[in-house]
Amino acid sequence: MTDTSVDPPRTPRRSPAGAAEAPRPAARRGHRPGTTRPDDGSATAATRPAGTRPTTARPAEGATGAARQVPSVPSTPSATGRPVSGVAGVAGSAGPTGADLHLDLPATGSRRSALMDALRDAIRSGRLAPGARLPPYRALAADLGIARNTAADAYAELVAEGWLTARQGSGTTVAERAEPVPPTRARRSSRPPRPAHDLRQGQPDAAAFPRTAWLAAGRRALTAAPNEAFGPGDPQGRRELREVLADYLARARGVRTDPDRIVVCSGFAHALRLLFDGPRAVLPARTAGSLAVEGYGLAFHRGLLAAAGATTRPLPLDEHGARVGGLTEDPEIRTVLLTPAHQFPTGGPLHPGRRAAVVDWARGRGGLVLEDDYDGEFRYDRQPVGALQGLDPERVVYLGTASKSLSPALRLGWMVLPDHLVDRVLAAKGEREAWASALDQLTLAEFIDSGGYDRHVRRMRRRYRDRRDRLVGALAEHAPHIEVTGIAAGLHAVLRLAPGTERSVLKAAAYRGLVLDGLADYRHPLLAAEAMPATDGLVVGYATPPDHAYPAALEALCAILPPPL
């Protein structure tokens, strides 16, 4: 009796000359050469009658007008764009035969990728345990309303990745090694919540970053960049940036250098690590002796130096800056770290006589001066103070960054070195640049060379000077008894408080959601009271908040200041 459920054998086609042609094998769409299709549990070509096909033809994916099987569960996307979903029967060795598996597929995108993601998620979550048997891909395709080839290819890909196991005649199962990932406990974010009012020092106005000009400079830089710029980076930095930095620093800061003496780094902290930390440190603590620092400065930098094994000795401060005369009294001191253009955080430049004295000390002892020029571009009431490095390029290491002038997010800085230190610093960095992006270097070089950097600095100088004037005016109106210092330059001011009031004022600020620093946080722990008495005060960063938030921050600041005694 003839089986009418199968098609009759194909009739050989004839060529134009009348010769019979052999029938062409049907193409298997979506099947990649070399990939074993998982066993479907149905008859194979070897067991089917010759010249017959399965009763149900595979729908061709993407073919218009092709007939499709009606899925057992309606799962076509709705007009609202809801995801495709379906329930497929799963037989598992660890559970009852015929258990349902619910899979959600998004309404858009690749069906194969969506199915693979859904199966991976089911395995990860433990809904599909190791050893669980999956339905034949034909049944899964019908239940989900997708093409058979799509389901077969998804199974094959997951077998290749190790999520599934397929054996001829045994179907497809979840691999024994595909263990579900145990749930992780929720982790608290280490970042504190955003304050209501932010007057922390050391941060420029992030909203003022010159995005349009920076993007234009980046496009020009990438267009002109040579092919080798996209290879391994030079540890000394891109030549294009070092050349424009040499010109800019000579013009704007009085630095005496050439491109070969400049080494690009990722910021001031990175420069300190290259000099003092690691097995190839330029100034290892065991041989460099003690390091003198200013009596007030960043605790972060002191901690970094201590971690490298360096011993820091504080220099007292007065209205003329660091009292560098104490350097000659300690024969173990060979290096000193200073902020001569604008002492951080108390404000004010190093006196000209002391500038000459510290250079003479370095020459006589064979020592080094590390010059931190952290905000040298922002001068408001006087001409900028030139770099100390200009007095003796062989005894002063000049350290600058783009953190205050542009953004700390750029992670770009530079070291202007004495000639005898260049090779040692490069040896400490290694054979390839591992920190500073070559693309950012090229963009900064173009930004400076095109004049965009100068325009940005002048614009921000006007904005920050206006911020400073508004701070001074608000204090004069609401707290005229508060002395303000360090306002001739920089991005912050110091508010002098009555003795014993700093801690209570900081508590009041925290209660109002106002974040700022107390002066005590910057004092060196070894600075003796007889050498320099402690002073209560606040360090107010007037550059930090955006323009729209600055008035409210000033109002909150004035509200927490103590009344006159």
# chains A, B, ... in the order shown; residues from 1 in each chain; ligands from 1
>>> residues_around(residues="A:Ala122", least_positions_apart="2", cutoff="12 Å", atoms="only C-alpha atoms", output="NGL selection string")
:A and (101-104 or 115-120 or 124-130 or 132 or 134 or 163 or 174 or 178-181)
>>> closest_atom_pairs(of="stretch 382-425 of chain A", to="stretch 244-253 of chain A", cutoff="8 Å", atoms="only C-alpha atoms", output="JSON lines")
{"residue": "A:Pro384", "atom": "CA", "partner": "A:Arg253", "partner_atom": "CA", "distance": 7.8}
{"residue": "A:Val385", "atom": "CA", "partner": "A:Arg253", "partner_atom": "CA", "distance": 7.7}
{"residue": "A:Gly386", "atom": "CA", "partner": "A:Arg253", "partner_atom": "CA", "distance": 5.2}
{"residue": "A:Ala387", "atom": "CA", "partner": "A:Arg253", "partner_atom": "CA", "distance": 5.6}
>>> closest_residue(among="A:Ala543, A:Ala531, A:Val396, A:Ala476", to="A:Asp419", atoms="only C-alpha atoms")
A:Val396
>>> residues_around(residues="A:Ala508", least_positions_apart="6", cutoff="12 Å", atoms="only C-alpha atoms", output="PyMOL selection string")
chain A and resi 501-502+514-516+556-562
>>> write_last_selection(atoms="C-alpha atoms", output="PDB file, in the first residue's frame")
ATOM      1  CA  THR A 501      35.599  75.694  65.844  1.00  0.00           C
ATOM      2  CA  GLU A 502      36.686  73.730  62.762  1.00  0.00           C
ATOM      3  CA  LEU A 514      27.534  70.397  52.245  1.00  0.00           C
ATOM      4  CA  VAL A 515      30.846  68.695  51.457  1.00  0.00           C
ATOM      5  CA  LEU A 516      34.108  70.572  51.984  1.00  0.00           C
ATOM      6  CA  ALA A 556      24.664  76.694  52.618  1.00  0.00           C
ATOM      7  CA  LEU A 557      28.276  77.689  53.341  1.00  0.00           C
ATOM      8  CA  CYS A 558      27.332  81.005  54.922  1.00  0.00           C
ATOM      9  CA  ALA A 559      24.683  79.277  57.044  1.00  0.00           C
ATOM     10  CA  ILE A 560      27.192  76.995  58.796  1.00  0.00           C
ATOM     11  CA  LEU A 561      29.853  79.587  59.588  1.00  0.00           C
ATOM     12  CA  PRO A 562      30.162  80.412  63.302  1.00  0.00           C
TER      13      PRO A 562
END
>>> closest_residue(among="A:Ala225, A:Val457, A:Pro480, A:Met532", to="A:Arg323", atoms="only C-alpha atoms")
A:Met532
>>> select_by_dssp(residues="stretch 172-393 of chain A", states="strand (DSSP E or B)", output="mmCIF file with N, CA and C atoms, in the first residue's frame")
data_model
loop_
_atom_site.group_PDB
_atom_site.id
_atom_site.type_symbol
_atom_site.label_atom_id
_atom_site.label_comp_id
_atom_site.auth_asym_id
_atom_site.auth_seq_id
_atom_site.Cartn_x
_atom_site.Cartn_y
_atom_site.Cartn_z
ATOM 1 N N THR A 172 19.438 15.867 22.883
ATOM 2 C CA THR A 172 20.310 16.940 23.368
ATOM 3 C C THR A 172 20.031 17.189 24.842
ATOM 4 N N THR A 173 21.080 17.244 25.655
ATOM 5 C CA THR A 173 20.938 17.443 27.098
ATOM 6 C C THR A 173 21.834 18.578 27.552
ATOM 7 N N VAL A 174 21.541 19.070 28.755
ATOM 8 C CA VAL A 174 22.381 20.105 29.359
ATOM 9 C C VAL A 174 23.682 19.459 29.807
ATOM 10 N N HIS A 197 25.420 69.816 48.211
ATOM 11 C CA HIS A 197 26.276 70.951 47.835
ATOM 12 C C HIS A 197 27.727 70.490 47.903
ATOM 13 N N ASP A 198 28.459 70.676 46.817
ATOM 14 C CA ASP A 198 29.825 70.164 46.724
ATOM 15 C C ASP A 198 30.800 71.323 46.572
ATOM 16 N N ILE A 262 60.950 65.626 28.027
ATOM 17 C CA ILE A 262 59.592 65.480 28.530
ATOM 18 C C ILE A 262 59.181 64.020 28.456
ATOM 19 N N VAL A 263 58.585 63.525 29.536
ATOM 20 C CA VAL A 263 58.020 62.182 29.582
ATOM 21 C C VAL A 263 56.555 62.319 29.970
ATOM 22 N N VAL A 264 55.686 61.758 29.165
ATOM 23 C CA VAL A 264 54.244 61.812 29.431
ATOM 24 C C VAL A 264 53.883 60.728 30.442
ATOM 25 N N CYS A 265 53.027 61.071 31.384
ATOM 26 C CA CYS A 265 52.547 60.123 32.384
ATOM 27 C C CYS A 265 51.041 60.293 32.524
ATOM 28 N N SER A 290 65.898 61.126 53.082
ATOM 29 C CA SER A 290 64.594 61.645 53.456
ATOM 30 C C SER A 290 64.092 62.628 52.404
ATOM 31 N N LEU A 291 62.768 62.751 52.337
ATOM 32 C CA LEU A 291 62.117 63.649 51.396
ATOM 33 C C LEU A 291 61.421 64.745 52.179
ATOM 34 N N ALA A 292 61.775 65.991 51.911
ATOM 35 C CA ALA A 292 61.127 67.122 52.573
ATOM 36 C C ALA A 292 59.866 67.508 51.813
ATOM 37 N N VAL A 293 58.812 67.791 52.561
ATOM 38 C CA VAL A 293 57.545 68.229 51.978
ATOM 39 C C VAL A 293 57.048 69.432 52.769
ATOM 40 N N GLU A 294 56.105 70.150 52.192
ATOM 41 C CA GLU A 294 55.529 71.291 52.883
ATOM 42 C C GLU A 294 54.651 70.819 54.042
ATOM 43 N N TYR A 296 51.833 71.614 55.079
ATOM 44 C CA TYR A 296 50.448 71.370 54.691
ATOM 45 C C TYR A 296 50.443 70.902 53.240
ATOM 46 N N THR A 312 59.086 61.237 55.012
ATOM 47 C CA THR A 312 58.842 62.642 54.693
ATOM 48 C C THR A 312 59.053 63.500 55.933
ATOM 49 N N ARG A 313 59.700 64.614 55.746
ATOM 50 C CA ARG A 313 59.958 65.590 56.810
ATOM 51 C C ARG A 313 59.245 66.900 56.458
ATOM 52 N N PRO A 314 58.396 67.413 57.364
ATOM 53 C CA PRO A 314 57.622 68.608 57.039
ATOM 54 C C PRO A 314 58.419 69.899 57.204
ATOM 55 N N LEU A 315 58.196 70.830 56.279
ATOM 56 C CA LEU A 315 58.763 72.170 56.362
ATOM 57 C C LEU A 315 57.658 73.129 56.808
ATOM 58 N N LEU A 317 55.438 76.547 57.311
ATOM 59 C CA LEU A 317 55.001 77.558 56.355
ATOM 60 C C LEU A 317 54.767 78.881 57.070
ATOM 61 N N ASP A 318 54.919 79.957 56.304
ATOM 62 C CA ASP A 318 54.501 81.272 56.767
ATOM 63 C C ASP A 318 53.954 82.030 55.573
ATOM 64 N N GLY A 321 55.571 81.314 52.145
ATOM 65 C CA GLY A 321 55.671 79.955 51.652
ATOM 66 C C GLY A 321 56.476 79.061 52.576
ATOM 67 N N ALA A 322 57.025 77.992 52.042
ATOM 68 C CA ALA A 322 57.787 77.039 52.845
ATOM 69 C C ALA A 322 59.082 77.658 53.323
ATOM 70 N N ILE A 333 68.331 64.864 54.037
ATOM 71 C CA ILE A 333 67.369 65.284 53.020
ATOM 72 C C ILE A 333 68.091 65.519 51.706
ATOM 73 N N ARG A 334 67.650 64.806 50.659
ATOM 74 C CA ARG A 334 68.247 64.966 49.331
ATOM 75 C C ARG A 334 67.231 65.460 48.306
ATOM 76 N N THR A 335 65.942 65.397 48.651
ATOM 77 C CA THR A 335 64.888 65.777 47.716
ATOM 78 C C THR A 335 63.816 66.550 48.463
ATOM 79 N N VAL A 336 63.223 67.545 47.802
ATOM 80 C CA VAL A 336 62.153 68.328 48.409
ATOM 81 C C VAL A 336 61.024 68.489 47.398
ATOM 82 N N LEU A 337 59.796 68.340 47.866
ATOM 83 C CA LEU A 337 58.593 68.495 47.046
ATOM 84 C C LEU A 337 57.905 69.793 47.429
ATOM 85 N N LEU A 338 57.719 70.687 46.444
ATOM 86 C CA LEU A 338 57.177 72.017 46.712
ATOM 87 C C LEU A 338 56.069 72.353 45.708
ATOM 88 N N LEU A 368 67.539 67.241 44.507
ATOM 89 C CA LEU A 368 66.511 67.525 43.515
ATOM 90 C C LEU A 368 65.355 68.286 44.157
ATOM 91 N N VAL A 369 64.748 69.167 43.368
ATOM 92 C CA VAL A 369 63.515 69.841 43.748
ATOM 93 C C VAL A 369 62.413 69.324 42.826
ATOM 94 N N LEU A 370 61.331 68.798 43.406
ATOM 95 C CA LEU A 370 60.160 68.379 42.643
ATOM 96 C C LEU A 370 59.142 69.510 42.691
ATOM 97 N N GLU A 371 58.843 70.091 41.536
ATOM 98 C CA GLU A 371 57.944 71.236 41.452
ATOM 99 C C GLU A 371 56.569 70.776 40.980
ATOM 100 N N ASP A 372 55.590 70.869 41.872
ATOM 101 C CA ASP A 372 54.204 70.524 41.543
ATOM 102 C C ASP A 372 53.493 71.801 41.111
ATOM 103 N N ARG A 379 45.662 82.508 37.444
ATOM 104 C CA ARG A 379 46.094 83.674 38.223
ATOM 105 C C ARG A 379 45.119 84.794 37.943
#
>>> residues_around(residues="A:Leu538", least_positions_apart="4", cutoff="9 Å", atoms="only C-alpha atoms", output="PyMOL selection string")
chain A and resi 493-497+502+505-506+516-520
>>> write_last_selection(atoms="N, CA, C and O atoms", output="tab-separated table (two decimals), in the first residue's frame")
chain	number	residue	atom	x	y	z
A	493	ALA	N	39.78	78.55	48.08
A	493	ALA	CA	40.13	79.58	49.05
A	493	ALA	C	40.16	78.94	50.44
A	493	ALA	O	39.54	77.90	50.68
A	494	VAL	N	40.88	79.57	51.36
A	494	VAL	CA	40.95	79.11	52.74
A	494	VAL	C	40.23	80.12	53.63
A	494	VAL	O	40.53	81.31	53.59
A	495	LEU	N	39.26	79.64	54.40
A	495	LEU	CA	38.51	80.48	55.34
A	495	LEU	C	39.06	80.23	56.74
A	495	LEU	O	38.99	79.09	57.25
A	496	ARG	N	39.64	81.25	57.34
A	496	ARG	CA	40.21	81.12	58.68
A	496	ARG	C	39.09	81.18	59.72
A	496	ARG	O	38.24	82.06	59.69
A	497	LEU	N	39.13	80.22	60.66
A	497	LEU	CA	38.11	80.13	61.70
A	497	LEU	C	38.74	80.38	63.06
A	497	LEU	O	39.96	80.26	63.24
A	502	GLU	N	36.68	74.41	64.05
A	502	GLU	CA	36.69	73.73	62.76
A	502	GLU	C	35.84	72.46	62.78
A	502	GLU	O	35.03	72.22	61.87
A	505	VAL	N	32.05	73.12	62.84
A	505	VAL	CA	31.58	73.66	61.57
A	505	VAL	C	31.46	72.55	60.53
A	505	VAL	O	30.49	72.52	59.75
A	506	LEU	N	32.39	71.62	60.51
A	506	LEU	CA	32.32	70.51	59.55
A	506	LEU	C	31.13	69.61	59.86
A	506	LEU	O	30.48	69.08	58.94
A	516	LEU	N	32.89	69.79	52.13
A	516	LEU	CA	34.11	70.57	51.98
A	516	LEU	C	35.12	70.04	52.98
A	516	LEU	O	34.82	69.17	53.79
A	517	ASP	N	36.33	70.54	52.92
A	517	ASP	CA	37.42	70.00	53.73
A	517	ASP	C	37.81	70.97	54.83
A	517	ASP	O	37.72	72.20	54.67
A	518	GLY	N	38.30	70.40	55.93
A	518	GLY	CA	38.89	71.19	56.99
A	518	GLY	C	40.39	71.31	56.80
A	518	GLY	O	41.04	70.42	56.25
A	519	LEU	N	40.95	72.40	57.27
A	519	LEU	CA	42.39	72.63	57.09
A	519	LEU	C	43.22	71.60	57.83
A	519	LEU	O	44.34	71.27	57.40
A	520	ALA	N	42.70	71.06	58.92
A	520	ALA	CA	43.46	70.09	59.70
A	520	ALA	C	43.77	68.83	58.91
A	520	ALA	O	44.76	68.14	59.20
>>> select_by_dssp(residues="stretch 472-524 of chain A", states="alpha helix (DSSP H)", output="PyMOL selection string")
chain A and resi 472-478+502-511
>>> closest_residue(among="A:Val159, A:Leu444, A:Leu526, A:Leu399", to="A:Ala217", atoms="only C-alpha atoms")
A:Leu444
